[in-house]
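What follows is the content of structure.cif, which has mmCIF, C-alpha atoms, pLDDT in the B column; chains and numbers go by the auth columns:
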```cif
data_data
loop_
_atom_site.group_PDB
_atom_site.id
_atom_site.type_symbol
_atom_site.label_atom_id
_atom_site.label_comp_id
_atom_site.label_asym_id
_atom_site.label_seq_id
_atom_site.Cartn_x
_atom_site.Cartn_y
_atom_site.Cartn_z
_atom_site.B_iso_or_equiv
_atom_site.auth_seq_id
_atom_site.auth_asym_id
ATOM 1 C CA MET A 1 37.672 -23.942 96.681 92.00 1 W
ATOM 2 C CA LYS A 2 33.955 -23.393 96.223 94.00 2 W
ATOM 3 C CA LEU A 3 31.299 -25.233 98.186 93.00 3 W
ATOM 4 C CA PRO A 4 28.317 -26.806 96.473 94.00 4 W
ATOM 5 C CA GLY A 5 25.093 -24.977 97.266 93.00 5 W
ATOM 6 C CA PRO A 6 21.749 -23.918 95.810 93.00 6 W
ATOM 7 C CA ASP A 7 23.412 -22.120 92.892 94.00 7 W
ATOM 8 C CA HIS A 8 25.652 -25.122 92.081 96.00 8 W
ATOM 9 C CA PRO A 9 24.352 -28.305 93.742 97.00 9 W
ATOM 10 C CA ILE A 10 26.386 -31.502 93.799 98.00 10 W
ATOM 11 C CA THR A 11 24.964 -34.778 95.055 98.00 11 W
ATOM 12 C CA ILE A 12 26.740 -38.111 95.290 98.00 12 W
ATOM 13 C CA ALA A 13 24.829 -41.338 95.858 98.00 13 W
ATOM 14 C CA PRO A 14 25.566 -45.042 95.534 98.00 14 W
ATOM 15 C CA GLU A 15 24.367 -46.443 92.220 98.00 15 W
ATOM 16 C CA ALA A 16 22.361 -49.618 92.882 95.00 16 W
ATOM 17 C CA ARG A 17 22.671 -50.857 89.310 98.00 17 W
ATOM 18 C CA ARG A 18 25.649 -52.488 87.619 98.00 18 W
ATOM 19 C CA VAL A 19 27.889 -50.132 85.630 98.00 19 W
ATOM 20 C CA ARG A 20 30.074 -51.587 82.893 98.00 20 W
ATOM 21 C CA VAL A 21 32.348 -49.639 80.536 98.00 21 W
ATOM 22 C CA ARG A 22 33.425 -51.041 77.177 98.00 22 W
ATOM 23 C CA VAL A 23 36.071 -50.119 74.648 97.00 23 W
ATOM 24 C CA GLY A 24 35.539 -52.262 71.594 94.00 24 W
ATOM 25 C CA ASP A 25 34.846 -55.763 72.883 94.00 25 W
ATOM 26 C CA ALA A 26 36.883 -55.218 76.059 97.00 26 W
ATOM 27 C CA VAL A 27 35.313 -54.436 79.416 98.00 27 W
ATOM 28 C CA VAL A 28 37.590 -51.881 81.096 98.00 28 W
ATOM 29 C CA ALA A 29 35.379 -51.372 84.174 98.00 29 W
ATOM 30 C CA ASP A 30 32.654 -53.460 85.778 98.00 30 W
ATOM 31 C CA THR A 31 31.114 -52.656 89.149 98.00 31 W
ATOM 32 C CA ARG A 32 28.095 -52.773 91.390 98.00 32 W
ATOM 33 C CA ASN A 33 29.744 -50.146 93.619 98.00 33 W
ATOM 34 C CA ALA A 34 29.664 -47.050 91.409 98.00 34 W
ATOM 35 C CA LEU A 35 28.773 -43.620 92.686 98.00 35 W
ATOM 36 C CA ARG A 36 26.404 -41.357 90.739 98.00 36 W
ATOM 37 C CA LEU A 37 27.471 -37.715 90.878 98.00 37 W
ATOM 38 C CA GLU A 38 24.968 -35.093 89.807 98.00 38 W
ATOM 39 C CA GLU A 39 26.317 -31.579 89.459 97.00 39 W
ATOM 40 C CA ALA A 40 24.254 -28.510 88.637 95.00 40 W
ATOM 41 C CA ARG A 41 22.767 -28.931 85.144 94.00 41 W
ATOM 42 C CA TYR A 42 25.406 -31.341 83.835 95.00 42 W
ATOM 43 C CA PRO A 43 24.519 -34.920 82.937 96.00 43 W
ATOM 44 C CA ALA A 44 25.048 -37.398 85.774 97.00 44 W
ATOM 45 C CA VAL A 45 28.475 -39.046 85.908 98.00 45 W
ATOM 46 C CA PHE A 46 29.276 -42.518 87.222 98.00 46 W
ATOM 47 C CA TYR A 47 32.422 -42.807 89.334 98.00 47 W
ATOM 48 C CA VAL A 48 33.796 -46.358 89.374 98.00 48 W
ATOM 49 C CA PRO A 49 36.032 -47.623 92.191 98.00 49 W
ATOM 50 C CA ARG A 50 39.621 -48.181 91.078 98.00 50 W
ATOM 51 C CA ALA A 51 39.325 -51.708 92.466 98.00 51 W
ATOM 52 C CA ASP A 52 36.799 -52.458 89.685 98.00 52 W
ATOM 53 C CA ILE A 53 38.798 -51.327 86.642 98.00 53 W
ATOM 54 C CA ARG A 54 41.214 -53.230 84.433 98.00 54 W
ATOM 55 C CA ALA A 55 44.236 -51.132 85.395 97.00 55 W
ATOM 56 C CA GLU A 56 46.383 -52.594 82.609 97.00 56 W
ATOM 57 C CA ASN A 57 44.276 -50.613 80.115 98.00 57 W
ATOM 58 C CA PHE A 58 44.825 -47.268 81.874 98.00 58 W
ATOM 59 C CA VAL A 59 47.877 -45.164 81.025 98.00 59 W
ATOM 60 C CA ALA A 60 48.492 -41.919 82.898 98.00 60 W
ATOM 61 C CA SER A 61 48.231 -38.864 80.677 98.00 61 W
ATOM 62 C CA ALA A 62 49.896 -35.471 81.088 98.00 62 W
ATOM 63 C CA GLN A 63 46.445 -33.822 81.010 98.00 63 W
ATOM 64 C CA THR A 64 45.145 -32.157 84.174 98.00 64 W
ATOM 65 C CA SER A 65 42.284 -29.811 84.960 98.00 65 W
ATOM 66 C CA HIS A 66 40.910 -27.957 87.935 98.00 66 W
ATOM 67 C CA CYS A 67 37.338 -27.797 89.179 97.00 67 W
ATOM 68 C CA PRO A 68 36.664 -25.186 91.851 97.00 68 W
ATOM 69 C CA TYR A 69 34.127 -27.574 93.448 97.00 69 W
ATOM 70 C CA LYS A 70 36.015 -30.874 93.228 98.00 70 W
ATOM 71 C CA GLY A 71 39.746 -30.101 93.002 98.00 71 W
ATOM 72 C CA ASP A 72 42.486 -31.174 90.597 98.00 72 W
ATOM 73 C CA ALA A 73 41.740 -33.940 88.112 98.00 73 W
ATOM 74 C CA HIS A 74 44.301 -36.191 86.464 98.00 74 W
ATOM 75 C CA TYR A 75 43.594 -38.020 83.231 98.00 75 W
ATOM 76 C CA PHE A 76 44.247 -41.426 81.731 98.00 76 W
ATOM 77 C CA ASP A 77 44.332 -42.753 78.201 98.00 77 W
ATOM 78 C CA LEU A 78 42.616 -46.071 77.600 98.00 78 W
ATOM 79 C CA VAL A 79 44.710 -48.526 75.589 98.00 79 W
ATOM 80 C CA VAL A 80 42.914 -51.629 74.313 97.00 80 W
ATOM 81 C CA ASP A 81 44.310 -53.959 71.646 94.00 81 W
ATOM 82 C CA GLY A 82 46.794 -51.333 70.496 93.00 82 W
ATOM 83 C CA THR A 83 44.165 -48.603 70.136 94.00 83 W
ATOM 84 C CA ARG A 84 44.554 -45.541 72.336 97.00 84 W
ATOM 85 C CA ARG A 85 41.660 -43.376 73.522 98.00 85 W
ATOM 86 C CA PRO A 86 43.355 -40.180 74.733 98.00 86 W
ATOM 87 C CA ASP A 87 42.216 -38.596 77.998 98.00 87 W
ATOM 88 C CA ALA A 88 39.126 -40.822 78.174 98.00 88 W
ATOM 89 C CA VAL A 89 39.193 -41.122 81.964 98.00 89 W
ATOM 90 C CA TRP A 90 39.647 -38.727 84.857 98.00 90 W
ATOM 91 C CA SER A 91 40.123 -39.045 88.583 98.00 91 W
ATOM 92 C CA TYR A 92 40.418 -36.779 91.609 98.00 92 W
ATOM 93 C CA ALA A 93 43.237 -38.180 93.781 96.00 93 W
ATOM 94 C CA ASP A 94 42.636 -35.621 96.511 98.00 94 W
ATOM 95 C CA PRO A 95 39.114 -34.218 96.063 98.00 95 W
ATOM 96 C CA TYR A 96 37.783 -31.395 98.190 98.00 96 W
ATOM 97 C CA PRO A 97 35.988 -32.462 101.384 97.00 97 W
ATOM 98 C CA ALA A 98 32.487 -31.836 99.996 96.00 98 W
ATOM 99 C CA VAL A 99 33.064 -34.559 97.365 98.00 99 W
ATOM 100 C CA ALA A 100 35.513 -36.773 99.266 98.00 100 W
ATOM 101 C CA ALA A 101 33.479 -39.871 98.341 98.00 101 W
ATOM 102 C CA ILE A 102 34.917 -39.828 94.796 98.00 102 W
ATOM 103 C CA ARG A 103 38.465 -40.408 96.054 98.00 103 W
ATOM 104 C CA ASP A 104 39.847 -43.682 94.616 98.00 104 W
ATOM 105 C CA HIS A 105 37.279 -43.613 91.786 98.00 105 W
ATOM 106 C CA VAL A 106 37.501 -42.879 88.065 98.00 106 W
ATOM 107 C CA ALA A 107 34.996 -41.454 85.598 98.00 107 W
ATOM 108 C CA PHE A 108 34.695 -41.854 81.833 98.00 108 W
ATOM 109 C CA TYR A 109 33.851 -39.476 78.998 98.00 109 W
ATOM 110 C CA PRO A 110 30.904 -41.155 77.224 97.00 110 W
ATOM 111 C CA ASP A 111 32.122 -39.997 73.814 97.00 111 W
ATOM 112 C CA ARG A 112 35.587 -41.533 74.329 98.00 112 W
ATOM 113 C CA VAL A 113 34.449 -45.059 75.173 98.00 113 W
ATOM 114 C CA ASP A 114 32.133 -47.301 73.186 97.00 114 W
ATOM 115 C CA ALA A 115 29.562 -47.883 75.912 98.00 115 W
ATOM 116 C CA ILE A 116 28.714 -47.105 79.508 98.00 116 W
ATOM 117 C CA GLU A 117 26.121 -49.756 80.296 98.00 117 W
ATOM 118 C CA VAL A 118 23.859 -49.429 83.325 98.00 118 W
ATOM 119 C CA THR A 119 21.817 -52.560 84.034 97.00 119 W
ATOM 120 C CA ASP A 120 19.975 -54.207 86.920 93.00 120 W
#
```

Just give me the structure as C-alpha coordinates.
Amino acid sequence: MKLPGPDHPITIAPEARRVRVRVGDAVVADTRNALRLEEARYPAVFYVPRADIRAENFVASAQTSHCPYKGDAHYFDLVVDGTRRPDAVWSYADPYPAVAAIRDHVAFYPDRVDAIEVTD
(Lines of atoms letter the chains of each structure in order from A and count residues from 1; the text may use other names and numbers.)
(Lines give C-alpha, C1' and ligand atoms only; values in the text may rest on other atoms or scores of the structure.)
Protein backbone atom coordinates (compact mmCIF):
# COMPACT_ATOMS: atom_id res chain seq x y z
CA MET A 1 0.00 0.00 0.00
CA LYS A 2 1.25 3.45 -0.93
CA LEU A 3 0.02 6.64 0.69
CA PRO A 4 -0.98 9.64 -1.38
CA GLY A 5 1.46 12.51 -1.00
CA PRO A 6 3.11 15.37 -2.87
CA ASP A 7 4.47 13.04 -5.56
CA HIS A 8 1.06 11.36 -6.08
CA PRO A 9 -1.76 13.46 -4.58
CA ILE A 10 -5.29 12.12 -4.26
CA THR A 11 -8.18 14.30 -3.18
CA ILE A 12 -11.79 13.26 -2.71
CA ALA A 13 -14.56 15.83 -2.37
CA PRO A 14 -18.35 15.80 -2.59
CA GLU A 15 -19.58 16.84 -6.02
CA ALA A 16 -22.28 19.50 -5.61
CA ARG A 17 -23.66 19.00 -9.11
CA ARG A 18 -25.89 16.22 -10.40
CA VAL A 19 -24.07 13.33 -12.10
CA ARG A 20 -26.01 11.16 -14.53
CA VAL A 21 -24.61 8.27 -16.59
CA ARG A 22 -26.29 7.09 -19.78
CA VAL A 23 -25.98 4.02 -21.96
CA GLY A 24 -28.06 4.59 -25.05
CA ASP A 25 -31.32 6.11 -23.85
CA ALA A 26 -31.09 4.41 -20.44
CA VAL A 27 -29.92 6.20 -17.31
CA VAL A 28 -27.82 3.69 -15.37
CA ALA A 29 -26.80 6.11 -12.60
CA ASP A 30 -28.27 9.37 -11.34
CA THR A 31 -27.08 11.13 -8.19
CA ARG A 32 -26.54 14.36 -6.35
CA ASN A 33 -24.22 12.51 -3.94
CA ALA A 34 -21.24 11.71 -6.16
CA LEU A 35 -17.66 12.05 -5.01
CA ARG A 36 -15.04 13.67 -7.25
CA LEU A 37 -11.67 11.93 -6.99
CA GLU A 38 -8.64 13.71 -8.38
CA GLU A 39 -5.47 11.67 -8.57
CA ALA A 40 -2.08 12.96 -9.66
CA ARG A 41 -2.30 14.06 -13.31
CA TYR A 42 -5.22 11.81 -14.26
CA PRO A 43 -8.58 13.27 -15.25
CA ALA A 44 -11.03 13.60 -12.36
CA VAL A 45 -13.31 10.61 -11.79
CA PHE A 46 -16.84 10.67 -10.37
CA TYR A 47 -17.68 7.93 -7.88
CA VAL A 48 -21.42 7.30 -7.66
CA PRO A 49 -23.02 5.72 -4.57
CA ARG A 50 -24.30 2.21 -5.22
CA ALA A 51 -27.66 3.36 -3.87
CA ASP A 52 -27.98 5.63 -6.95
CA ILE A 53 -27.35 3.08 -9.72
CA ARG A 54 -29.75 0.84 -11.60
CA ALA A 55 -28.26 -2.40 -10.27
CA GLU A 56 -30.19 -4.54 -12.75
CA ASN A 57 -27.91 -3.19 -15.50
CA PHE A 58 -24.69 -4.17 -13.70
CA VAL A 59 -23.25 -7.66 -14.17
CA ALA A 60 -20.13 -8.66 -12.24
CA SER A 61 -17.15 -9.29 -14.49
CA ALA A 62 -14.14 -11.53 -13.88
CA GLN A 63 -11.85 -8.51 -14.40
CA THR A 64 -9.87 -7.18 -11.43
CA SER A 65 -6.99 -4.77 -11.02
CA HIS A 66 -4.82 -3.43 -8.25
CA CYS A 67 -3.93 0.16 -7.47
CA PRO A 68 -1.16 0.63 -4.91
CA TYR A 69 -2.96 3.77 -3.64
CA LYS A 70 -6.57 2.56 -3.61
CA GLY A 71 -6.55 -1.25 -3.37
CA ASP A 72 -8.20 -4.00 -5.40
CA ALA A 73 -10.84 -3.03 -7.95
CA HIS A 74 -13.60 -5.28 -9.25
CA TYR A 75 -15.34 -4.63 -12.54
CA PHE A 76 -18.85 -4.78 -13.94
CA ASP A 77 -20.27 -5.03 -17.42
CA LEU A 78 -23.20 -2.78 -18.22
CA VAL A 79 -26.08 -4.58 -19.95
CA VAL A 80 -28.80 -2.38 -21.43
CA ASP A 81 -31.44 -3.60 -23.89
CA GLY A 82 -29.38 -6.68 -24.72
CA THR A 83 -26.20 -4.70 -25.42
CA ARG A 84 -23.21 -5.42 -23.20
CA ARG A 85 -20.49 -2.88 -22.40
CA PRO A 86 -17.65 -5.02 -21.00
CA ASP A 87 -15.79 -3.82 -17.91
CA ALA A 88 -17.36 -0.35 -18.11
CA VAL A 89 -17.56 0.11 -14.34
CA TRP A 90 -15.22 -0.45 -11.43
CA SER A 91 -15.52 -0.39 -7.67
CA TYR A 92 -13.27 -0.76 -4.64
CA ALA A 93 -15.13 -2.95 -2.12
CA ASP A 94 -12.42 -2.54 0.50
CA PRO A 95 -10.37 0.55 -0.39
CA TYR A 96 -7.28 1.55 1.54
CA PRO A 97 -7.89 3.90 4.48
CA ALA A 98 -6.63 7.01 2.66
CA VAL A 99 -9.49 6.66 0.14
CA ALA A 100 -12.08 4.95 2.34
CA ALA A 101 -14.75 7.43 1.18
CA ILE A 102 -15.09 5.59 -2.16
CA ARG A 103 -16.31 2.41 -0.46
CA ASP A 104 -19.83 1.53 -1.70
CA HIS A 105 -19.35 3.67 -4.83
CA VAL A 106 -18.78 2.85 -8.50
CA ALA A 107 -16.96 4.70 -11.27
CA PHE A 108 -17.40 4.61 -15.04
CA TYR A 109 -14.98 4.61 -17.97
CA PRO A 110 -16.10 7.59 -20.09
CA ASP A 111 -15.30 5.76 -23.33
CA ARG A 112 -17.47 2.76 -22.37
CA VAL A 113 -20.68 4.66 -21.67
CA ASP A 114 -22.48 7.11 -23.92
CA ALA A 115 -22.47 10.07 -21.54
CA ILE A 116 -21.44 11.18 -18.08
CA GLU A 117 -23.51 14.32 -17.62
CA VAL A 118 -22.66 16.83 -14.90
CA THR A 119 -25.31 19.52 -14.44
CA ASP A 120 -26.48 21.99 -11.81

TODO: Check what the PyMOL selection byres ((chain W and resi 102) around 12) selects in the file above and give those residues as a PyMOL selection string.
DONE: chain W and resi 10-14+33-37+45-50+70-71+73+90-101+103-107

- [ ] Rounded to one decimal place, report the CA of Ile116 (chain W)-CA of Asp25 (chain W) distance in Å.
- [x] 12.5 Å

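Residue nearest Arg22 (chain W), chosen from W:Glu38, W:Asp120, W:Arg84, W:Asp114 and counting only C-alpha atoms: W:Asp114.
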
Selection result of the PyMOL selection byres ((chain W and resi 85) around 12) on this file, as an mmCIF file with C-alpha atoms, keeping the file's coordinate frame:
```cif
data_model
loop_
_atom_site.group_PDB
_atom_site.id
_atom_site.type_symbol
_atom_site.label_atom_id
_atom_site.label_comp_id
_atom_site.auth_asym_id
_atom_site.auth_seq_id
_atom_site.Cartn_x
_atom_site.Cartn_y
_atom_site.Cartn_z
ATOM 1 C CA ARG W 22 33.425 -51.041 77.177
ATOM 2 C CA VAL W 23 36.071 -50.119 74.648
ATOM 3 C CA GLY W 24 35.539 -52.262 71.594
ATOM 4 C CA ASN W 57 44.276 -50.613 80.115
ATOM 5 C CA PHE W 58 44.825 -47.268 81.874
ATOM 6 C CA VAL W 59 47.877 -45.164 81.025
ATOM 7 C CA ALA W 60 48.492 -41.919 82.898
ATOM 8 C CA SER W 61 48.231 -38.864 80.677
ATOM 9 C CA TYR W 75 43.594 -38.020 83.231
ATOM 10 C CA PHE W 76 44.247 -41.426 81.731
ATOM 11 C CA ASP W 77 44.332 -42.753 78.201
ATOM 12 C CA LEU W 78 42.616 -46.071 77.600
ATOM 13 C CA VAL W 79 44.710 -48.526 75.589
ATOM 14 C CA VAL W 80 42.914 -51.629 74.313
ATOM 15 C CA ASP W 81 44.310 -53.959 71.646
ATOM 16 C CA GLY W 82 46.794 -51.333 70.496
ATOM 17 C CA THR W 83 44.165 -48.603 70.136
ATOM 18 C CA ARG W 84 44.554 -45.541 72.336
ATOM 19 C CA PRO W 86 43.355 -40.180 74.733
ATOM 20 C CA ASP W 87 42.216 -38.596 77.998
ATOM 21 C CA ALA W 88 39.126 -40.822 78.174
ATOM 22 C CA VAL W 89 39.193 -41.122 81.964
ATOM 23 C CA PHE W 108 34.695 -41.854 81.833
ATOM 24 C CA TYR W 109 33.851 -39.476 78.998
ATOM 25 C CA PRO W 110 30.904 -41.155 77.224
ATOM 26 C CA ASP W 111 32.122 -39.997 73.814
ATOM 27 C CA ARG W 112 35.587 -41.533 74.329
ATOM 28 C CA VAL W 113 34.449 -45.059 75.173
ATOM 29 C CA ASP W 114 32.133 -47.301 73.186
#
```

- [ ] Evaluate the PyMOL selection byres ((chain W and resi 54) around 9) and record the selected residues as a ChimeraX atom specification, following the chain and residue labels used in the document.
- [x] /W:27-30,50-53,55-58

Open item on the list: Please report the interatomic distance between CA of His66 (chain W) and CA of Asp7 (chain W) in Å with one decimal.
Closed with: 19.1 Å

TODO: Enter the distance from CA of Glu39 (chain W) to CA of Glu15 (chain W), in Å, rounded to one decimal.
DONE: 15.2 Å

Box time for region 11-14 of chain W: axis-aligned, enclosing all its listed atoms, 6 Å extra on each side; report centre and edge lengths in Å to one decimal, as AutoDock Vina command-line options.
```
--center_x 25.8 --center_y -39.9 --center_z 95.5 --size_x 13.9 --size_y 22.3 --size_z 12.8
```
